[in-house]
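This report concerns only the one structure given below.
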2 protein chains.
Amino acid sequence: MQVSQDLTRVAAVAAAIRQRIAGRTLAPGARIPSVRGFAAAMGVSKSTVVEAYDRLVAEGAIVSRPGSGFYVAGAARPLTLAAIGPRLDRAVDPLWVSRQTLEAGAGVLKPGCGWLPPAWLPDEALRRALRGLARGEAADLLDYDEPLGHAPLRGLLARRLHDQGIPAGPDRIVLTASATQALDLIARLLLEPGDTVLVDDPCYFNFRALLQAHRAKVVGVPWTPAGPDLDAFAASLRAHGPRFYLTNSALQNPTGATMSAATAHRVLRLAEAHDALIVEDALFDDLEPDPSPRLAALDGLDRVIHIGSFSKTLSAAVRCGHVALRAEWVDRLVDLKLATSFGSGRLSANLVHRFLADGSYRRYLDGLRARLADAMGLTARRLGALGLRPWLMPRGGLFLWAALPAGLDAAVVARRALAESVVLAPGNVFSLSQSAGRFLRFNVAQSADPQVFAVLERAMEGEMHATARERAPAQVRS
Amino acid sequence: MQVSQDLTRVAAVAAAIRQRIAGRTLAPGARIPSVRGFAAAMGVSKSTVVEAYDRLVAEGAIVSRPGSGFYVAGAARPLTLAAIGPRLDRAVDPLWVSRQTLEAGAGVLKPGCGWLPPAWLPDEALRRALRGLARGEAADLLDYDEPLGHAPLRGLLARRLHDQGIPAGPDRIVLTASATQALDLIARLLLEPGDTVLVDDPCYFNFRALLQAHRAKVVGVPWTPAGPDLDAFAASLRAHGPRFYLTNSALQNPTGATMSAATAHRVLRLAEAHDALIVEDALFDDLEPDPSPRLAALDGLDRVIHIGSFSKTLSAAVRCGHVALRAEWVDRLVDLKLATSFGSGRLSANLVHRFLADGSYRRYLDGLRARLADAMGLTARRLGALGLRPWLMPRGGLFLWAALPAGLDAAVVARRALAESVVLAPGNVFSLSQSAGRFLRFNVAQSADPQVFAVLERAMEGEMHATARERAPAQVRS
C-alpha cells in the first residue's frame, strides 16, 4: 500500500498550485504556469503536471482555455463576490455540497446532504396541519406577521426552552425564516466588517460562507470529541479578540460530537474573560438521545445567543427558525429583520405551531431517534468494511464523520462518485484549515441504499489505481 | 389661519434640537440643553421649551430621566446599529410605520399601512391552494427547494415577464422569501460599504433602512409626477458615481406616480452614460389599470434588475418574492441566498404557483383594480373635505399622497391619531431630505372606515389649537 500512503507527485503538483491560489499568488483569472515550466520547476515530468492540471480542472479550481493555457477559475464573473472569499477550488468551496445536494435530480443518492429523506419526516402530521390552516383564520393566511413573529409559536418555544433550562420568555424570542437567517441577523447586529468570529474546525460549511459574506475574519478552533480544544480556544481569544464564537454544542455538524459539561463550563469562563459572545446553533438538539448541557442554559442566555429551527425534524419546505437572546437586543434584531426581509412568514409559523401543538412531535422524535441509531450502526459497519474509520461514534443524530484509508483524497473520491450520481460531502468543505482532506461526512439516514457503498468503493478503487498509474512512470524515471 | 401658517415657536425649538441630533452635535445619549438655558439661548419662554421637549419625547427623539433632565434617545442600546443610521426621531424613523402597523391590535385602524385588508385578498383561492398542497407530493411539503427556487413557479413568472416585454427565461429568475429579501441579496451582490445608491425622494421607507444596513451612502433624487427629476438625477450620477438607482417605476410608493415613457428612456440613457445599474421594484405593477413602460423591458434586462412579489395581491403571510437579472449574475446571487438563508421556501413557492396557475388571478385583479379606484375617489373626497390636497391623483394602486394644510406637522398629527388607535404614515418617514413634513400617505383600501377621518380631523384640530395656545403667550410677550 506504499502507493496510497505517500502524497503522489501529481497530488504534490496540484497542492502546490492550490496553495498559490489560496495565498493569492495566483489570483482569480491569472494564468497558471506553463506545463513545461512548472515541470522543470518542480522536477517532475510534463505528464505529471498535465495530470495534476487535469485534476484541478475537474475540481473547478482552474479552467482550460484551448490554445491559451490554464487559468485560475472565477475571474469571468463580472461582480466581485470577494466577500464570499476566494473560490479556491469548487470541490472544496463551502457551498459545493449545498449546490450539489439541492440540485440533485430524482435518481441521485445524497449521503452527503444535511437533511432527512422526506419519507422519514412526519408527512401526515404536516398534511393535517395544512388542512387545519385551510380552515383557519383568514389573517393567518393573508396578513403580515407581527414583528417578533407569531405569538403562539413564541409561547410554545419559550416553554420548550424553559424545559431545557434556558430562561427565554416569548418576548426574548424572535422568529426568522430559518436558523440560517437567524445567524445572518445576529451577524448584522454584532459584526462590523473585519471583526473576527471563531468557528470550530471542522464546522458546518455554511458558517464560513455566511460569515465571509459579512466580511468577518473567520478563525478556526480545532474541534475535539469533547468540544473545542481549550488551549487553542483560549489562544484564539487572546490573539484575535473575536466578537463571538459560533458552535453547535450538541451533535456537532459534521462530526456528531457533543461538547462535554466540563468543556462547556470552561468555554463560558474563557468567553467571559475575553468579553466574547457565543452563538449556539441548536439545530440538531432534538435528535439527542438525552439532553447535553446547553451553553445558553449554563449561561442564563446572557452571553449566549441560542438559535434553532425545525427544518431537520419537521420540514425543510416550511421555512421557520428562531433566535433567543438578551432582552435589550430584541428590538434592534427585529428592526434589522424588518429592514432586510420585512418579517418572517406567518403561514409557516402557524404551520409549525399547529404541528408542535398537536402532541405527536414527542412520539415522532422517539421513533426517529431509534431509527437514526439503527442507521448509524449499519452505516458504520458498511463503511468499516470499505476501510473507512469513524472519527467517533456519535451519541445520535444524522452524521458520521469517517476517514478514508491513507492516500485517498476525499474531494477526488467525491468527484468520482458524483459521476455515478452519488453526492458525497468531502471533509475540506467543513475545514477552514483544509486539514480534513481524508474525511467524508455521511448522513446515515440518506445512506440506506447499498448503491451508496458500491459507488463509494468504485470511486476509492478508481482513485487508488489512478495514483498507482501516476506513481509507476515516476518510479521508472527516478 | 395665521396660527397654522407659520412655524410656531414650539416647532422651531423642536426643530433646532432635531437638527443638532441629526448633525450629531447631540449624539445618542447626550444630555439635551437645560430648559432654562435653551429658553435663554432661543429667546423664548421656558414653557415653550418644555412643550417642545415634551413633543420630542412623544416622538421618541429624546428621553426624560426624572431628576436628571432630557437625553438624546438611543444610547441605552448596547450594540451599535449605526448601520441603520441615526435614529433622529422615532416618529420619522424609517421603521416607525412598519412597527406601528405590524404591531397594531385588532381594534386599530391602519390607513398608514402598506397592504390590503385581509378581506380584500383572495381568501378562498388561497384556501383552495392549501387544500391542494395538503393532497400534493410529499417533497413539496417536506424537502428543500432547488437553489434557484421552485421551477414551475419560475416558468410561470418567466411567461408573465415575457408578456411585459422582459426577456427573462426561468434560468434568470431567482425566488426569494420576499421582494425585500430580493433587494437585500442584490445589495449583497453589488455593494461594498460606502458605495452610493440613489433613491427617490420620497420613496418607500424600508429602502433607506435596508441600504443603510448595508452601509451604503443613500442619496435622494427629487421625485416628480413623471418620475425622477432628470436634472437632479444626472447631477447625482455625476457627483456620486452610484452603484445603482433603486425605484418603483409604476405606482410609486408613497406617491402613486408612474414614470413616463420619456423619463424612463432618459433615465436609462443617463444610467448607461454613468455606468450605473438600476433596480426596479415592481411590487405594485399588477395594480396598474394599464401597463406602463417597464425599465427592465426597455433595457432588455441588461442594466436593470427587476424584483417583485405577490405579497400585495395574494398574501403577505405566504413569503415569496423573485428577482430577474443578467444570466451571469444568477449563480452568485444564488450562492449568497444559500449562504444567508439556505434557500427560499418550497411550500410558499408551491402555494403561489398553485394560486397563479388556477386562472382566477386575472379576474381577481380586475375586480381589485375597480374596487381600489372607487376607494381612491372616496378617500380623495373625504380628505379634501378636511383640507388635505392630493399631490396627484394616481392612475391606480393603494396610495394617495396628500398634504396637510400649511402649518400642520404630519408627524405630530400622526402621534395624536395613534393615541386614538389610528396609525397614519407621516411624510418624512419616506423622505431622505425630511422635506415631506406636511404629507401623509393614505392607503385607500384601509381608509373605508369614517372613523379614520373623524380621528384625523380631531388630530388636526388638536394640533392647530396646541399651536394657537403656544403662539398666544408668545404674542403677548413679544
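Each chain of the C-alpha cells is named A, B, ... in the order shown, its residues numbered from 1; ligands are numbered from 1 in display order.
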Subject >> Test item: residues at most 9 Å from region 118-120 of chain A, only C-alpha atoms, excluding those fewer than 5 positions along its chain, as a ChimeraX atom specification >> reply: /A:313,315,368,445 /B:138-139,141-143
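For chain B, the residues having at least one atom no farther than 6 Å from chain A, when counting only C-alpha atoms, are Leu102, Glu103, Pro118, Arg127, Leu130, Ala134, Leu141, Leu142, Asp143, Tyr144, Glu146, Thr180, Gln181, Asp184, Asn206, Ala209, Leu210, Ser315, Ala316, Ala317, Val318, Arg319, Ala339, Thr340, Ser341, Gly345, Arg346 and Leu347 of chain B.
Counting from CA of Ala262 (chain B), the distance to CA of Val444 (chain B) is 28.8 Å.
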Could you give me the residues within region 218-299 of chain A that DSSP places in helix (DSSP H, G or I), as a JSON list (two decimals) with all heavy atoms, in the first residue's frame?
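Contents of out-v2.json, freshly written:
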[["chain", "number", "residue", "atom", "x", "y", "z"],
["A", 230, "LEU", "N", -9.41, 23.48, 24.18],
["A", 230, "LEU", "CA", -9.50, 24.65, 25.06],
["A", 230, "LEU", "C", -8.24, 25.52, 25.02],
["A", 230, "LEU", "O", -8.34, 26.75, 25.12],
["A", 230, "LEU", "CB", -9.80, 24.20, 26.50],
["A", 230, "LEU", "CG", -11.24, 23.70, 26.67],
["A", 230, "LEU", "CD1", -11.40, 23.03, 28.03],
["A", 230, "LEU", "CD2", -12.24, 24.84, 26.52],
["A", 231, "ASP", "N", -7.09, 24.91, 24.87],
["A", 231, "ASP", "CA", -5.87, 25.73, 24.76],
["A", 231, "ASP", "C", -5.92, 26.59, 23.50],
["A", 231, "ASP", "O", -5.60, 27.78, 23.52],
["A", 231, "ASP", "CB", -4.62, 24.84, 24.75],
["A", 231, "ASP", "CG", -4.39, 24.17, 26.10],
["A", 231, "ASP", "OD1", -4.92, 24.69, 27.11],
["A", 231, "ASP", "OD2", -3.71, 23.13, 26.14],
["A", 232, "ALA", "N", -6.32, 25.95, 22.40],
["A", 232, "ALA", "CA", -6.40, 26.70, 21.15],
["A", 232, "ALA", "C", -7.50, 27.76, 21.23],
["A", 232, "ALA", "O", -7.35, 28.88, 20.71],
["A", 232, "ALA", "CB", -6.68, 25.75, 19.99],
["A", 233, "PHE", "N", -8.59, 27.42, 21.90],
["A", 233, "PHE", "CA", -9.70, 28.38, 22.06],
["A", 233, "PHE", "C", -9.21, 29.61, 22.84],
["A", 233, "PHE", "O", -9.42, 30.76, 22.42],
["A", 233, "PHE", "CB", -10.85, 27.69, 22.78],
["A", 233, "PHE", "CG", -12.09, 28.52, 22.95],
["A", 233, "PHE", "CD1", -12.80, 28.97, 21.85],
["A", 233, "PHE", "CD2", -12.56, 28.85, 24.22],
["A", 233, "PHE", "CE1", -13.96, 29.73, 22.02],
["A", 233, "PHE", "CE2", -13.70, 29.61, 24.39],
["A", 233, "PHE", "CZ", -14.41, 30.06, 23.29],
["A", 234, "ALA", "N", -8.52, 29.35, 23.95],
["A", 234, "ALA", "CA", -8.01, 30.46, 24.76],
["A", 234, "ALA", "C", -7.01, 31.30, 23.96],
["A", 234, "ALA", "O", -7.03, 32.54, 24.00],
["A", 234, "ALA", "CB", -7.37, 29.92, 26.04],
["A", 235, "ALA", "N", -6.14, 30.60, 23.23],
["A", 235, "ALA", "CA", -5.13, 31.34, 22.45],
["A", 235, "ALA", "C", -5.79, 32.20, 21.38],
["A", 235, "ALA", "O", -5.38, 33.34, 21.13],
["A", 235, "ALA", "CB", -4.15, 30.35, 21.81],
["A", 236, "SER", "N", -6.85, 31.67, 20.76],
["A", 236, "SER", "CA", -7.55, 32.44, 19.72],
["A", 236, "SER", "C", -8.27, 33.64, 20.32],
["A", 236, "SER", "O", -8.34, 34.71, 19.70],
["A", 236, "SER", "CB", -8.55, 31.56, 18.98],
["A", 236, "SER", "OG", -7.87, 30.58, 18.24],
["A", 237, "LEU", "N", -8.84, 33.46, 21.50],
["A", 237, "LEU", "CA", -9.49, 34.60, 22.17],
["A", 237, "LEU", "C", -8.45, 35.69, 22.43],
["A", 237, "LEU", "O", -8.70, 36.87, 22.19],
["A", 237, "LEU", "CB", -10.12, 34.15, 23.49],
["A", 237, "LEU", "CG", -11.39, 33.30, 23.39],
["A", 237, "LEU", "CD1", -11.72, 32.68, 24.75],
["A", 237, "LEU", "CD2", -12.58, 34.14, 22.92],
["A", 238, "ARG", "N", -7.28, 35.29, 22.92],
["A", 238, "ARG", "CA", -6.23, 36.27, 23.21],
["A", 238, "ARG", "C", -5.72, 36.92, 21.94],
["A", 238, "ARG", "O", -5.55, 38.13, 21.88],
["A", 238, "ARG", "CB", -5.04, 35.56, 23.90],
["A", 238, "ARG", "CG", -5.12, 35.48, 25.41],
["A", 238, "ARG", "CD", -3.76, 35.11, 26.01],
["A", 238, "ARG", "NE", -3.19, 33.90, 25.43],
["A", 238, "ARG", "CZ", -3.50, 32.66, 25.85],
["A", 238, "ARG", "NH1", -4.36, 32.47, 26.83],
["A", 238, "ARG", "NH2", -2.93, 31.61, 25.29],
["A", 239, "ALA", "N", -5.48, 36.10, 20.92],
["A", 239, "ALA", "CA", -4.82, 36.64, 19.72],
["A", 239, "ALA", "C", -5.76, 37.49, 18.87],
["A", 239, "ALA", "O", -5.31, 38.44, 18.23],
["A", 239, "ALA", "CB", -4.27, 35.48, 18.89],
["A", 240, "HIS", "N", -7.06, 37.15, 18.85],
["A", 240, "HIS", "CA", -7.94, 37.77, 17.85],
["A", 240, "HIS", "C", -9.04, 38.63, 18.44],
["A", 240, "HIS", "O", -9.72, 39.34, 17.70],
["A", 240, "HIS", "CB", -8.55, 36.68, 16.97],
["A", 240, "HIS", "CG", -7.54, 35.86, 16.23],
["A", 240, "HIS", "ND1", -6.82, 36.35, 15.17],
["A", 240, "HIS", "CD2", -7.11, 34.59, 16.42],
["A", 240, "HIS", "CE1", -6.00, 35.42, 14.72],
["A", 240, "HIS", "NE2", -6.15, 34.33, 15.47],
["A", 261, "ALA", "N", -19.79, 18.70, 29.54],
["A", 261, "ALA", "CA", -20.20, 19.73, 30.51],
["A", 261, "ALA", "C", -18.98, 20.51, 30.99],
["A", 261, "ALA", "O", -19.01, 21.74, 31.12],
["A", 261, "ALA", "CB", -20.91, 19.08, 31.70],
["A", 262, "ALA", "N", -17.87, 19.80, 31.23],
["A", 262, "ALA", "CA", -16.68, 20.49, 31.71],
["A", 262, "ALA", "C", -16.16, 21.47, 30.66],
["A", 262, "ALA", "O", -15.77, 22.61, 30.98],
["A", 262, "ALA", "CB", -15.60, 19.46, 32.06],
["A", 263, "THR", "N", -16.16, 21.03, 29.41],
["A", 263, "THR", "CA", -15.69, 21.93, 28.34],
["A", 263, "THR", "C", -16.62, 23.13, 28.20],
["A", 263, "THR", "O", -16.17, 24.27, 28.05],
["A", 263, "THR", "CB", -15.60, 21.16, 27.00],
["A", 263, "THR", "OG1", -14.70, 20.07, 27.17],
["A", 263, "THR", "CG2", -15.10, 22.06, 25.88],
["A", 264, "ALA", "N", -17.93, 22.87, 28.26],
["A", 264, "ALA", "CA", -18.89, 23.97, 28.14],
["A", 264, "ALA", "C", -18.65, 25.01, 29.22],
["A", 264, "ALA", "O", -18.66, 26.23, 28.97],
["A", 264, "ALA", "CB", -20.32, 23.43, 28.23],
["A", 265, "HIS", "N", -18.41, 24.54, 30.42],
["A", 265, "HIS", "CA", -18.15, 25.45, 31.54],
["A", 265, "HIS", "C", -16.90, 26.28, 31.27],
["A", 265, "HIS", "O", -16.89, 27.51, 31.45],
["A", 265, "HIS", "CB", -18.00, 24.62, 32.82],
["A", 265, "HIS", "CG", -17.70, 25.43, 34.03],
["A", 265, "HIS", "ND1", -18.60, 26.34, 34.56],
["A", 265, "HIS", "CD2", -16.58, 25.51, 34.80],
["A", 265, "HIS", "CE1", -18.06, 26.92, 35.61],
["A", 265, "HIS", "NE2", -16.82, 26.45, 35.77],
["A", 266, "ARG", "N", -15.83, 25.63, 30.80],
["A", 266, "ARG", "CA", -14.59, 26.35, 30.53],
["A", 266, "ARG", "C", -14.76, 27.33, 29.37],
["A", 266, "ARG", "O", -14.22, 28.45, 29.40],
["A", 266, "ARG", "CB", -13.47, 25.36, 30.19],
["A", 266, "ARG", "CG", -12.90, 24.64, 31.39],
["A", 266, "ARG", "CD", -12.03, 25.56, 32.26],
["A", 266, "ARG", "NE", -10.83, 26.03, 31.53],
["A", 266, "ARG", "CZ", -10.17, 27.13, 31.83],
["A", 266, "ARG", "NH1", -10.58, 27.91, 32.81],
["A", 266, "ARG", "NH2", -9.11, 27.48, 31.14],
["A", 267, "VAL", "N", -15.50, 26.91, 28.36],
["A", 267, "VAL", "CA", -15.74, 27.79, 27.21],
["A", 267, "VAL", "C", -16.42, 29.08, 27.67],
["A", 267, "VAL", "O", -16.03, 30.19, 27.27],
["A", 267, "VAL", "CB", -16.58, 27.06, 26.13],
["A", 267, "VAL", "CG1", -17.21, 28.03, 25.16],
["A", 267, "VAL", "CG2", -15.71, 26.04, 25.38],
["A", 268, "LEU", "N", -17.41, 28.93, 28.53],
["A", 268, "LEU", "CA", -18.12, 30.12, 29.01],
["A", 268, "LEU", "C", -17.19, 31.01, 29.84],
["A", 268, "LEU", "O", -17.22, 32.24, 29.72],
["A", 268, "LEU", "CB", -19.33, 29.70, 29.85],
["A", 268, "LEU", "CG", -20.54, 29.26, 29.04],
["A", 268, "LEU", "CD1", -21.57, 28.60, 29.94],
["A", 268, "LEU", "CD2", -21.16, 30.45, 28.32],
["A", 269, "ARG", "N", -16.39, 30.38, 30.71],
["A", 269, "ARG", "CA", -15.46, 31.16, 31.53],
["A", 269, "ARG", "C", -14.47, 31.94, 30.66],
["A", 269, "ARG", "O", -14.20, 33.11, 30.92],
["A", 269, "ARG", "CB", -14.69, 30.22, 32.48],
["A", 269, "ARG", "CG", -15.52, 29.61, 33.58],
["A", 269, "ARG", "CD", -15.71, 30.58, 34.75],
["A", 269, "ARG", "NE", -14.43, 30.92, 35.35],
["A", 269, "ARG", "CZ", -13.82, 30.21, 36.29],
["A", 269, "ARG", "NH1", -14.38, 29.12, 36.76],
["A", 269, "ARG", "NH2", -12.65, 30.60, 36.78],
["A", 270, "LEU", "N", -13.93, 31.26, 29.68],
["A", 270, "LEU", "CA", -12.96, 31.91, 28.79],
["A", 270, "LEU", "C", -13.61, 33.04, 27.99],
["A", 270, "LEU", "O", -13.03, 34.11, 27.82],
["A", 270, "LEU", "CB", -12.32, 30.88, 27.85],
["A", 270, "LEU", "CG", -11.31, 29.93, 28.51],
["A", 270, "LEU", "CD1", -11.02, 28.74, 27.60],
["A", 270, "LEU", "CD2", -10.01, 30.70, 28.82],
["A", 271, "ALA", "N", -14.82, 32.77, 27.48],
["A", 271, "ALA", "CA", -15.51, 33.80, 26.70],
["A", 271, "ALA", "C", -15.76, 35.03, 27.57],
["A", 271, "ALA", "O", -15.58, 36.17, 27.13],
["A", 271, "ALA", "CB", -16.83, 33.26, 26.15],
["A", 272, "GLU", "N", -16.13, 34.79, 28.82],
["A", 272, "GLU", "CA", -16.38, 35.90, 29.72],
["A", 272, "GLU", "C", -15.09, 36.69, 29.96],
["A", 272, "GLU", "O", -15.08, 37.92, 29.91],
["A", 272, "GLU", "CB", -16.93, 35.35, 31.05],
["A", 272, "GLU", "CG", -17.36, 36.44, 32.02],
["A", 272, "GLU", "CD", -17.98, 35.84, 33.29],
["A", 272, "GLU", "OE1", -17.93, 34.60, 33.44],
["A", 272, "GLU", "OE2", -18.49, 36.61, 34.10],
["A", 273, "ALA", "N", -14.01, 35.96, 30.19],
["A", 273, "ALA", "CA", -12.73, 36.64, 30.48],
["A", 273, "ALA", "C", -12.29, 37.52, 29.31],
["A", 273, "ALA", "O", -11.63, 38.54, 29.51],
["A", 273, "ALA", "CB", -11.67, 35.59, 30.81],
["A", 285, "ASP", "N", -30.46, 19.51, 18.28],
["A", 285, "ASP", "CA", -30.70, 19.15, 19.68],
["A", 285, "ASP", "C", -31.83, 18.14, 19.85],
["A", 285, "ASP", "O", -31.77, 17.28, 20.73],
["A", 285, "ASP", "CB", -31.02, 20.40, 20.51],
["A", 285, "ASP", "CG", -29.76, 21.20, 20.84],
["A", 285, "ASP", "OD1", -28.72, 20.97, 20.17],
["A", 285, "ASP", "OD2", -29.81, 22.05, 21.73],
["A", 286, "ASP", "N", -32.86, 18.25, 19.02],
["A", 286, "ASP", "CA", -34.00, 17.34, 19.19],
["A", 286, "ASP", "C", -33.65, 15.90, 18.82],
["A", 286, "ASP", "O", -34.44, 14.99, 19.08],
["A", 286, "ASP", "CB", -35.20, 17.81, 18.36],
["A", 286, "ASP", "CG", -35.96, 18.93, 19.05],
["A", 286, "ASP", "OD1", -35.65, 19.22, 20.22],
["A", 286, "ASP", "OD2", -36.86, 19.51, 18.42],
["A", 287, "LEU", "N", -32.50, 15.70, 18.21],
["A", 287, "LEU", "CA", -32.09, 14.34, 17.85],
["A", 287, "LEU", "C", -31.24, 13.69, 18.92],
["A", 287, "LEU", "O", -30.90, 12.51, 18.81],
["A", 287, "LEU", "CB", -31.32, 14.36, 16.51],
["A", 287, "LEU", "CG", -32.11, 14.92, 15.33],
["A", 287, "LEU", "CD1", -31.25, 14.92, 14.07],
["A", 287, "LEU", "CD2", -33.39, 14.13, 15.09],
["A", 295, "LEU", "N", -25.14, 25.53, 26.35],
["A", 295, "LEU", "CA", -24.40, 26.73, 26.74],
["A", 295, "LEU", "C", -25.37, 27.81, 27.18],
["A", 295, "LEU", "O", -25.12, 28.52, 28.17],
["A", 295, "LEU", "CB", -23.55, 27.23, 25.56],
["A", 295, "LEU", "CG", -22.34, 26.36, 25.21],
["A", 295, "LEU", "CD1", -21.77, 26.75, 23.85],
["A", 295, "LEU", "CD2", -21.26, 26.48, 26.28],
["A", 296, "ALA", "N", -26.48, 27.95, 26.48],
["A", 296, "ALA", "CA", -27.44, 29.00, 26.81],
["A", 296, "ALA", "C", -28.06, 28.78, 28.18],
["A", 296, "ALA", "O", -28.43, 29.72, 28.88],
["A", 296, "ALA", "CB", -28.54, 29.08, 25.75],
["A", 297, "ALA", "N", -28.18, 27.51, 28.59],
["A", 297, "ALA", "CA", -28.74, 27.21, 29.91],
["A", 297, "ALA", "C", -27.71, 27.49, 31.01],
["A", 297, "ALA", "O", -28.02, 28.12, 32.02],
["A", 297, "ALA", "CB", -29.20, 25.76, 29.97],
["A", 298, "LEU", "N", -26.48, 27.05, 30.80],
["A", 298, "LEU", "CA", -25.43, 27.30, 31.79],
["A", 298, "LEU", "C", -25.26, 28.80, 32.01],
["A", 298, "LEU", "O", -25.02, 29.27, 33.12],
["A", 298, "LEU", "CB", -24.09, 26.71, 31.31],
["A", 298, "LEU", "CG", -24.02, 25.18, 31.20],
["A", 298, "LEU", "CD1", -22.68, 24.76, 30.64],
["A", 298, "LEU", "CD2", -24.23, 24.55, 32.58],
["A", 299, "ASP", "N", -25.38, 29.54, 30.93],
["A", 299, "ASP", "CA", -25.07, 30.97, 30.94],
["A", 299, "ASP", "C", -26.28, 31.82, 31.31],
["A", 299, "ASP", "O", -26.13, 33.00, 31.66],
["A", 299, "ASP", "CB", -24.57, 31.33, 29.53],
["A", 299, "ASP", "CG", -24.58, 32.81, 29.25],
["A", 299, "ASP", "OD1", -23.74, 33.50, 29.82],
["A", 299, "ASP", "OD2", -25.44, 33.26, 28.45]]
Original post:
Which of region 284-400 of chain B counts as strand (DSSP E) under DSSP, as a PyMOL selection string please?
Top reply: chain B and resi 304-309+321-324+389-390+399-400
Subject >> Shell around Arg415 (chain B) at 10 Å using only C-alpha atoms, local window under 2 positions removed, as a PyMOL selection string >> reply: chain B and resi 55+58-59+91+410-413+417-426+459
For the selection just defined, write its residues with C-alpha atoms to a file, as a PDB file, in the first residue's frame.
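Ended up saving to part_21.pdb:
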ATOM      1  CA  ARG B  55     -43.141  66.826  21.865  1.00  0.00           C
ATOM      2  CA  ALA B  58     -43.541  61.828  22.468  1.00  0.00           C
ATOM      3  CA  GLU B  59     -41.830  61.415  19.110  1.00  0.00           C
ATOM      4  CA  ALA B  91     -41.641  59.455  14.565  1.00  0.00           C
ATOM      5  CA  ALA B 410     -47.682  65.266   9.852  1.00  0.00           C
ATOM      6  CA  ALA B 411     -45.517  63.540  12.468  1.00  0.00           C
ATOM      7  CA  VAL B 412     -47.358  65.323  15.266  1.00  0.00           C
ATOM      8  CA  VAL B 413     -50.756  64.677  13.707  1.00  0.00           C
ATOM      9  CA  ALA B 417     -54.026  59.909  15.818  1.00  0.00           C
ATOM     10  CA  LEU B 418     -52.071  56.973  17.257  1.00  0.00           C
ATOM     11  CA  ALA B 419     -53.399  57.884  20.696  1.00  0.00           C
ATOM     12  CA  GLU B 420     -56.854  57.282  19.206  1.00  0.00           C
ATOM     13  CA  SER B 421     -55.836  53.942  17.642  1.00  0.00           C
ATOM     14  CA  VAL B 422     -55.375  55.160  14.088  1.00  0.00           C
ATOM     15  CA  VAL B 423     -51.955  54.547  12.513  1.00  0.00           C
ATOM     16  CA  LEU B 424     -51.080  57.197   9.922  1.00  0.00           C
ATOM     17  CA  ALA B 425     -47.935  57.306   7.751  1.00  0.00           C
ATOM     18  CA  PRO B 426     -46.272  60.707   8.150  1.00  0.00           C
ATOM     19  CA  ALA B 459     -55.792  65.262  15.472  1.00  0.00           C
TER      20      ALA B 459
END
Shell of 12 Å around Gly69 (chain B), only C-alpha atoms, local chain residues under 6 positions omitted, as a CSV table (one decimal) with C-alpha atoms, in the first residue's frame:
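What follows is the written file around_32.csv:
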chain,number,residue,atom,x,y,z
B,29,GLY,CA,-27.2,59.5,24.9
B,30,ALA,CA,-26.1,63.1,25.1
B,31,ARG,CA,-27.8,65.4,27.5
B,32,ILE,CA,-30.1,68.0,25.9
B,33,PRO,CA,-29.5,71.6,27.0
B,34,SER,CA,-31.4,72.6,30.1
B,35,VAL,CA,-34.9,74.1,29.7
B,36,ARG,CA,-33.7,77.4,31.3
B,50,VAL,CA,-40.9,72.4,27.9
B,53,TYR,CA,-39.1,68.8,24.7
B,54,ASP,CA,-42.4,67.0,25.6
B,57,VAL,CA,-40.2,62.8,24.0
B,62,ILE,CA,-35.3,62.3,23.3
B,63,VAL,CA,-36.0,60.6,26.6
Original post:
So how many Å separate CA of Ala27 (chain B) and CA of Lys217 (chain A), to one decimal?
Top reply: 29.8 Å
Contacts of region 377-384 of chain A at 7 Å or less, counting only C-alpha atoms, minus same-chain residues fewer than 4 places along, as a compact mmCIF listing (two decimals) with N, CA, C and O atoms, in the first residue's frame?
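Output file selection_5.txt is given in full below:
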# COMPACT_ATOMS: atom_id res chain seq x y z
N ALA A 373 -30.47 5.65 15.16
CA ALA A 373 -29.45 4.84 15.84
C ALA A 373 -29.18 3.57 15.04
O ALA A 373 -28.03 3.17 14.85
N LEU A 388 -13.04 2.53 5.86
CA LEU A 388 -13.19 3.87 6.43
C LEU A 388 -13.35 3.77 7.94
O LEU A 388 -14.04 2.87 8.43
N ARG A 389 -12.74 4.68 8.66
CA ARG A 389 -12.81 4.64 10.12
C ARG A 389 -13.56 5.86 10.65
O ARG A 389 -13.17 7.01 10.38
N VAL A 444 -26.47 9.33 7.83
CA VAL A 444 -26.83 7.91 7.94
C VAL A 444 -28.25 7.64 7.44
O VAL A 444 -28.55 6.54 6.98
N SER A 447 -28.14 7.02 3.70
CA SER A 447 -27.15 6.02 3.28
C SER A 447 -27.71 4.61 3.31
O SER A 447 -26.97 3.64 3.42
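For the pair CA of Pro228 (chain B) and CA of Leu404 (chain B), the interatomic distance is 23.2 Å.
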